[in-house]
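Shown here: run_27.pdb, PDB, C-alpha atoms.
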```pdb
ATOM      1  CA  MET H 190      38.416 161.133   5.502
ATOM      2  CA  LYS H 191      34.743 161.368   6.488
ATOM      3  CA  SER H 192      33.297 159.073   9.093
ATOM      4  CA  GLY H 193      30.716 156.471   8.082
ATOM      5  CA  LYS H 194      27.885 158.339   9.844
ATOM      6  CA  ILE H 195      28.633 161.608   8.054
ATOM      7  CA  ARG H 196      28.832 159.827   4.689
ATOM      8  CA  GLN H 197      25.498 158.043   5.372
ATOM      9  CA  SER H 198      23.918 161.347   6.390
ATOM     10  CA  GLU H 199      25.125 163.022   3.196
ATOM     11  CA  GLU H 200      23.878 160.103   1.090
ATOM     12  CA  ALA H 201      20.465 160.253   2.792
ATOM     13  CA  ALA H 202      20.300 164.022   2.171
ATOM     14  CA  ALA H 203      21.061 163.464  -1.515
ATOM     15  CA  VAL H 204      18.384 160.764  -1.800
ATOM     16  CA  ARG H 205      15.897 163.002   0.018
ATOM     17  CA  ALA H 206      16.607 165.881  -2.382
ATOM     18  CA  GLN H 207      16.162 163.530  -5.357
ATOM     19  CA  TRP H 208      12.884 162.183  -3.930
ATOM     20  CA  GLU H 209      11.562 165.703  -3.313
ATOM     21  CA  ALA H 210      12.423 166.705  -6.895
ATOM     22  CA  GLU H 211      10.744 163.587  -8.307
ATOM     23  CA  ALA H 212       7.647 164.270  -6.190
ATOM     24  CA  ARG H 213       7.439 167.862  -7.481
ATOM     25  CA  GLU H 214       7.665 166.574 -11.071
ATOM     26  CA  ALA H 215       4.976 163.940 -10.420
ATOM     27  CA  GLN H 216       2.729 166.464  -8.666
ATOM     28  CA  ALA H 217       3.008 168.792 -11.659
ATOM     29  CA  ARG H 218       1.879 165.979 -13.984
ATOM     30  CA  ILE H 219      -1.144 164.647 -12.129
ATOM     31  CA  ALA H 220      -4.588 166.046 -12.835
ATOM     32  CA  PRO H 221      -6.899 167.417 -10.145
ATOM     33  CA  SER H 222      -8.370 164.623  -8.067
ATOM     34  CA  GLY H 223     -11.647 163.055  -9.066
ATOM     35  CA  ARG H 224     -13.232 159.724  -9.919
ATOM     36  CA  SER H 225     -12.846 157.727 -13.091
ATOM     37  CA  GLY H 226     -15.903 155.862 -14.271
ATOM     38  CA  LEU H 227     -16.258 152.176 -15.033
ATOM     39  CA  SER H 228     -15.845 152.966 -18.727
ATOM     40  CA  GLU H 229     -12.306 154.314 -18.127
ATOM     41  CA  LEU H 230     -11.469 151.604 -15.613
ATOM     42  CA  GLY H 231     -12.526 148.786 -17.933
ATOM     43  CA  ALA H 232     -11.174 150.277 -21.155
ATOM     44  CA  THR H 233      -7.521 149.336 -20.587
ATOM     45  CA  SER H 234      -5.334 146.985 -18.622
ATOM     46  CA  GLY H 235      -4.784 147.796 -14.961
ATOM     47  CA  LEU H 236      -1.240 148.977 -15.660
ATOM     48  CA  GLU H 237      -2.311 151.329 -18.449
ATOM     49  CA  PHE H 238      -5.130 152.712 -16.271
ATOM     50  CA  LEU H 239      -2.700 153.567 -13.457
ATOM     51  CA  GLN H 240      -0.110 154.963 -15.849
ATOM     52  CA  ARG H 241      -2.793 157.249 -17.316
ATOM     53  CA  ILE H 242      -3.492 158.575 -13.805
ATOM     54  CA  PHE H 243       0.237 158.988 -13.155
ATOM     55  CA  ARG H 244       0.606 160.901 -16.473
ATOM     56  CA  GLY H 245      -2.339 163.186 -15.675
ATOM     57  CA  GLU H 246      -4.609 161.840 -18.404
ATOM     58  CA  LEU H 247      -7.234 160.724 -15.864
ATOM     59  CA  PRO H 248      -8.272 162.402 -12.600
ATOM     60  CA  GLY H 249      -5.841 162.177  -9.700
ATOM     61  CA  ILE H 250      -6.499 159.938  -6.706
ATOM     62  CA  PRO H 251      -8.734 161.706  -4.129
ATOM     63  CA  MET H 252      -7.112 159.900  -1.173
ATOM     64  CA  GLY H 253      -3.749 160.946  -2.570
ATOM     65  CA  GLU H 254      -4.791 164.572  -2.338
ATOM     66  CA  THR H 255      -6.019 164.083   1.244
ATOM     67  CA  MET H 256      -2.751 162.457   2.324
ATOM     68  CA  GLY H 257      -0.339 164.430   0.163
ATOM     69  CA  MET H 258       0.485 161.105  -1.513
ATOM     70  CA  VAL H 259       2.236 161.363  -4.873
ATOM     71  CA  PRO H 260       2.398 158.549  -7.436
ATOM     72  CA  ILE H 261       6.038 157.928  -8.353
ATOM     73  CA  LEU H 262       6.106 154.677 -10.354
ATOM     74  CA  ALA H 263       3.729 152.123 -11.834
ATOM     75  CA  GLU H 264       5.199 149.176 -13.678
ATOM     76  CA  ARG H 265       4.140 145.576 -14.064
ATOM     77  CA  GLY H 266       3.829 144.115 -10.541
ATOM     78  CA  ARG H 267       5.281 147.154  -8.750
ATOM     79  CA  VAL H 268       4.025 150.560  -7.591
ATOM     80  CA  ILE H 269       5.639 153.343  -5.534
ATOM     81  CA  PHE H 270       3.885 156.222  -3.742
ATOM     82  CA  GLN H 271       5.560 158.983  -1.754
ATOM     83  CA  ALA H 272       4.201 161.102   1.100
ATOM     84  CA  THR H 273       5.632 163.297   3.817
ATOM     85  CA  PRO H 274       4.401 162.888   7.403
ATOM     86  CA  ALA H 275       3.162 166.149   8.924
ATOM     87  CA  ALA H 276       1.680 167.349  12.200
ATOM     88  CA  ARG H 277      -1.853 167.113  10.730
ATOM     89  CA  PHE H 278      -1.443 163.310  10.758
ATOM     90  CA  TYR H 279      -0.514 163.076  14.450
ATOM     91  CA  ASN H 280      -2.487 161.024  16.935
ATOM     92  CA  PRO H 281      -3.043 162.047  20.579
ATOM     93  CA  ILE H 282       0.147 160.308  21.765
ATOM     94  CA  GLY H 283       2.438 162.504  19.676
ATOM     95  CA  SER H 284       3.345 160.432  16.630
ATOM     96  CA  VAL H 285       1.957 160.032  13.140
ATOM     97  CA  HIS H 286      -1.229 157.952  13.225
ATOM     98  CA  GLY H 287      -0.812 154.346  12.071
ATOM     99  CA  GLY H 288      -3.536 154.921   9.519
ATOM    100  CA  PHE H 289      -1.132 157.116   7.565
ATOM    101  CA  LEU H 290       1.235 154.173   7.035
ATOM    102  CA  ALA H 291      -1.630 151.731   6.515
ATOM    103  CA  THR H 292      -3.152 153.932   3.813
ATOM    104  CA  LEU H 293       0.171 154.348   2.014
ATOM    105  CA  LEU H 294       0.728 150.601   2.116
ATOM    106  CA  ASP H 295      -2.853 149.713   1.121
ATOM    107  CA  SER H 296      -2.487 151.995  -1.902
ATOM    108  CA  ALA H 297       0.896 150.590  -2.908
ATOM    109  CA  VAL H 298       0.091 146.883  -2.516
ATOM    110  CA  GLY H 299      -3.412 147.156  -4.004
ATOM    111  CA  CYS H 300      -2.203 149.143  -6.994
ATOM    112  CA  ALA H 301       0.655 146.650  -7.507
ATOM    113  CA  VAL H 302      -2.001 143.949  -7.956
ATOM    114  CA  HIS H 303      -3.950 146.321 -10.212
ATOM    115  CA  THR H 304      -0.951 146.572 -12.572
ATOM    116  CA  LEU H 305      -1.371 142.887 -13.471
ATOM    117  CA  LEU H 306      -5.090 143.025 -14.271
ATOM    118  CA  GLU H 307      -6.267 142.456 -17.810
ATOM    119  CA  GLN H 308      -8.708 144.823 -19.494
ATOM    120  CA  GLY H 309     -12.181 144.527 -17.976
ATOM    121  CA  MET H 310     -10.993 143.218 -14.599
ATOM    122  CA  GLY H 311     -11.142 144.890 -11.179
ATOM    123  CA  TYR H 312     -10.049 144.098  -7.653
ATOM    124  CA  THR H 313     -10.836 144.852  -4.042
ATOM    125  CA  THR H 314      -8.842 144.311  -0.862
ATOM    126  CA  LEU H 315      -9.906 141.254   1.121
ATOM    127  CA  GLU H 316      -7.232 141.548   3.802
ATOM    128  CA  LEU H 317      -4.434 143.957   4.774
ATOM    129  CA  LYS H 318      -1.874 143.117   7.464
ATOM    130  CA  VAL H 319       0.487 145.876   8.593
ATOM    131  CA  ASN H 320       3.527 145.490  10.843
ATOM    132  CA  TYR H 321       4.551 148.838  12.344
ATOM    133  CA  LEU H 322       8.281 148.864  13.012
ATOM    134  CA  ARG H 323       9.103 152.441  14.006
ATOM    135  CA  ALA H 324       7.262 155.702  14.591
ATOM    136  CA  LEU H 325       7.019 158.435  11.997
ATOM    137  CA  GLY H 326       7.298 162.092  12.932
ATOM    138  CA  GLU H 327       7.046 165.351  11.061
ATOM    139  CA  ASP H 328      10.866 165.462  11.032
ATOM    140  CA  THR H 329      11.124 162.109   9.182
ATOM    141  CA  GLY H 330      10.907 163.716   5.769
ATOM    142  CA  PRO H 331       9.444 161.969   2.735
ATOM    143  CA  VAL H 332       8.770 158.247   2.852
ATOM    144  CA  ARG H 333       8.086 155.855   0.026
ATOM    145  CA  ALA H 334       5.666 152.952   0.027
ATOM    146  CA  GLU H 335       6.573 150.282  -2.491
ATOM    147  CA  GLY H 336       4.143 147.497  -3.332
ATOM    148  CA  ARG H 337       5.255 144.302  -5.073
ATOM    149  CA  VAL H 338       3.114 141.454  -6.346
ATOM    150  CA  VAL H 339       3.945 138.072  -4.848
ATOM    151  CA  HIS H 340       1.360 135.977  -6.726
ATOM    152  CA  THR H 341      -1.776 136.308  -8.805
ATOM    153  CA  SER H 342      -4.274 133.767 -10.033
ATOM    154  CA  ARG H 343      -7.565 134.146 -11.850
ATOM    155  CA  GLN H 344      -9.351 135.365  -8.688
ATOM    156  CA  ILE H 345      -6.710 136.197  -6.071
ATOM    157  CA  GLY H 346      -3.802 138.632  -5.938
ATOM    158  CA  VAL H 347      -1.213 138.661  -3.145
ATOM    159  CA  ALA H 348       1.287 141.487  -2.659
ATOM    160  CA  ASP H 349       3.660 142.804  -0.045
ATOM    161  CA  GLY H 350       4.967 146.266   0.590
ATOM    162  CA  SER H 351       7.229 148.363   2.727
ATOM    163  CA  VAL H 352       7.705 151.988   3.737
ATOM    164  CA  HIS H 353      11.238 153.407   3.893
ATOM    165  CA  ASP H 354      12.700 156.863   4.397
ATOM    166  CA  ALA H 355      15.502 158.391   2.325
ATOM    167  CA  ALA H 356      18.120 156.860   4.632
ATOM    168  CA  GLY H 357      16.701 153.390   3.962
ATOM    169  CA  ARG H 358      15.111 152.949   7.409
ATOM    170  CA  LEU H 359      12.122 150.594   7.367
ATOM    171  CA  TYR H 360       8.971 151.964   9.089
ATOM    172  CA  ALA H 361       6.346 149.374   8.205
ATOM    173  CA  HIS H 362       5.743 146.218   6.197
ATOM    174  CA  ALA H 363       2.437 144.913   4.861
ATOM    175  CA  THR H 364       0.859 142.042   3.019
ATOM    176  CA  THR H 365      -2.456 142.020   1.217
ATOM    177  CA  THR H 366      -4.836 139.577  -0.397
ATOM    178  CA  CYS H 367      -7.085 140.984  -3.110
ATOM    179  CA  LEU H 368     -10.120 139.538  -4.848
ATOM    180  CA  ILE H 369      -9.943 139.818  -8.645
ATOM    181  CA  PHE H 370     -13.235 139.944 -10.560
ATOM    182  CA  PRO H 371     -14.782 141.009 -13.881
ATOM    183  CA  LEU H 372     -15.968 144.615 -13.832
ATOM    184  CA  PRO H 373     -19.694 145.129 -14.341
ATOM    185  CA  ALA H 374     -20.720 146.483 -17.717
ATOM    186  CA  GLY H 375     -21.031 150.202 -17.532
TER     187      GLY H 375
END
```
Just give me the structure as structure tokens.
Amino acid sequence: MKSGKIRQSEEAAAVRAQWEAEAREAQARIAPSGRSGLSELGATSGLEFLQRIFRGELPGIPMGETMGMVPILAERGRVIFQATPAARFYNPIGSVHGGFLATLLDSAVGCAVHTLLEQGMGYTTLELKVNYLRALGEDTGPVRAEGRVVHTSRQIGVADGSVHDAAGRLYAHATTTCLIFPLPAG
């Protein structure tokens, strides 16, 4: 009989392999990074806009390319991105810079709010609060940032998010408040 630690390690390895396969599939789908114009942004609901990016029908996310961030899931009120910490993201004290986690979380929580926007509406982040719970290193492997909407009104969206590794360890938690507004004609 295997010990609990060995079983957990094997389960984490299986999840990691699944995540890496899903990221390769997503990476193969997304288009080269670029910017979508207001006409594309305002032409559909927020969810459909993000799903079009995730399917490769619109340009990929430039920050995603910079960070090696891959879109995994966009559904109503929920978004998941995946990235793998690497030495290029290290700070001078020998761990992955907090901005790596903050950017993953900002993307996940902001896009979660975006999934609930009606056609012709946009948003911007008013506030992002990140709690760092453990350090990332290049040996961590892939991590996933999941954003979930807590509440939306006509002008405000609130979401929370978390970053976990394949073993289920929590690295950071965030909350955001977003301003929701009509997009300018364009």
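Atom CA of Gly226 of chain H lies 26.0 Å from atom CA of Ala334 of chain H.
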Target residues per the PyMOL selection byres ((chain H and resi 319) around 7), formatted as a PyMOL selection string: chain H and resi 291+317-318+320-321+361-364
Care to translate the PyMOL selection byres ((chain H and resi 238) around 12) into actual residues of this file, as a PyMOL selection string? chain H and resi 225-237+239-249+263-265+300+303-311
Once you have the residues from the selection above, write them out as an mmCIF file, keeping the file's coordinate frame, restricted to C-alpha atoms.
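Produced file part_13.cif, reproduced below:
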```
data_model
loop_
_atom_site.group_PDB
_atom_site.id
_atom_site.type_symbol
_atom_site.label_atom_id
_atom_site.label_comp_id
_atom_site.auth_asym_id
_atom_site.auth_seq_id
_atom_site.Cartn_x
_atom_site.Cartn_y
_atom_site.Cartn_z
ATOM 1 C CA SER H 225 -12.846 157.727 -13.091
ATOM 2 C CA GLY H 226 -15.903 155.862 -14.271
ATOM 3 C CA LEU H 227 -16.258 152.176 -15.033
ATOM 4 C CA SER H 228 -15.845 152.966 -18.727
ATOM 5 C CA GLU H 229 -12.306 154.314 -18.127
ATOM 6 C CA LEU H 230 -11.469 151.604 -15.613
ATOM 7 C CA GLY H 231 -12.526 148.786 -17.933
ATOM 8 C CA ALA H 232 -11.174 150.277 -21.155
ATOM 9 C CA THR H 233 -7.521 149.336 -20.587
ATOM 10 C CA SER H 234 -5.334 146.985 -18.622
ATOM 11 C CA GLY H 235 -4.784 147.796 -14.961
ATOM 12 C CA LEU H 236 -1.240 148.977 -15.660
ATOM 13 C CA GLU H 237 -2.311 151.329 -18.449
ATOM 14 C CA LEU H 239 -2.700 153.567 -13.457
ATOM 15 C CA GLN H 240 -0.110 154.963 -15.849
ATOM 16 C CA ARG H 241 -2.793 157.249 -17.316
ATOM 17 C CA ILE H 242 -3.492 158.575 -13.805
ATOM 18 C CA PHE H 243 0.237 158.988 -13.155
ATOM 19 C CA ARG H 244 0.606 160.901 -16.473
ATOM 20 C CA GLY H 245 -2.339 163.186 -15.675
ATOM 21 C CA GLU H 246 -4.609 161.840 -18.404
ATOM 22 C CA LEU H 247 -7.234 160.724 -15.864
ATOM 23 C CA PRO H 248 -8.272 162.402 -12.600
ATOM 24 C CA GLY H 249 -5.841 162.177 -9.700
ATOM 25 C CA ALA H 263 3.729 152.123 -11.834
ATOM 26 C CA GLU H 264 5.199 149.176 -13.678
ATOM 27 C CA ARG H 265 4.140 145.576 -14.064
ATOM 28 C CA CYS H 300 -2.203 149.143 -6.994
ATOM 29 C CA HIS H 303 -3.950 146.321 -10.212
ATOM 30 C CA THR H 304 -0.951 146.572 -12.572
ATOM 31 C CA LEU H 305 -1.371 142.887 -13.471
ATOM 32 C CA LEU H 306 -5.090 143.025 -14.271
ATOM 33 C CA GLU H 307 -6.267 142.456 -17.810
ATOM 34 C CA GLN H 308 -8.708 144.823 -19.494
ATOM 35 C CA GLY H 309 -12.181 144.527 -17.976
ATOM 36 C CA MET H 310 -10.993 143.218 -14.599
ATOM 37 C CA GLY H 311 -11.142 144.890 -11.179
#
```
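Between Ile261 of chain H and the candidates H:Ala301, H:Leu294, H:Ala275, H:Ala215, the tightest atom-to-atom separation, counting only C-alpha atoms, involves H:Ala215.
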Closest of H:Arg358, H:Arg218, H:Arg343, H:Arg224 to Gln197 of chain H - atom-to-atom distances counting only C-alpha atoms: H:Arg358
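Picture a line from atom CA of Phe270 of chain H to atom CA of Lys194 of chain H; it runs 27.7 Å.
You will find atom CA of Arg205 of chain H at 23.1 Å from atom CA of Gly288 of chain H.
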Reference answer for the PyMOL selection byres ((chain H and resi 344) around 6), as number ranges by chain: H: 342-343, 345, 368-369
So, counting only C-alpha atoms, which residue among H:Ala206, H:Ala297, H:Val259, H:Ala217 is closest to Ala272 of chain H? H:Val259
Given the choices H:Asp295, H:Glu199, H:Glu327, H:Glu316, which gets closest to Phe278 of chain H if the distance is worked out from only C-alpha atoms? H:Glu327
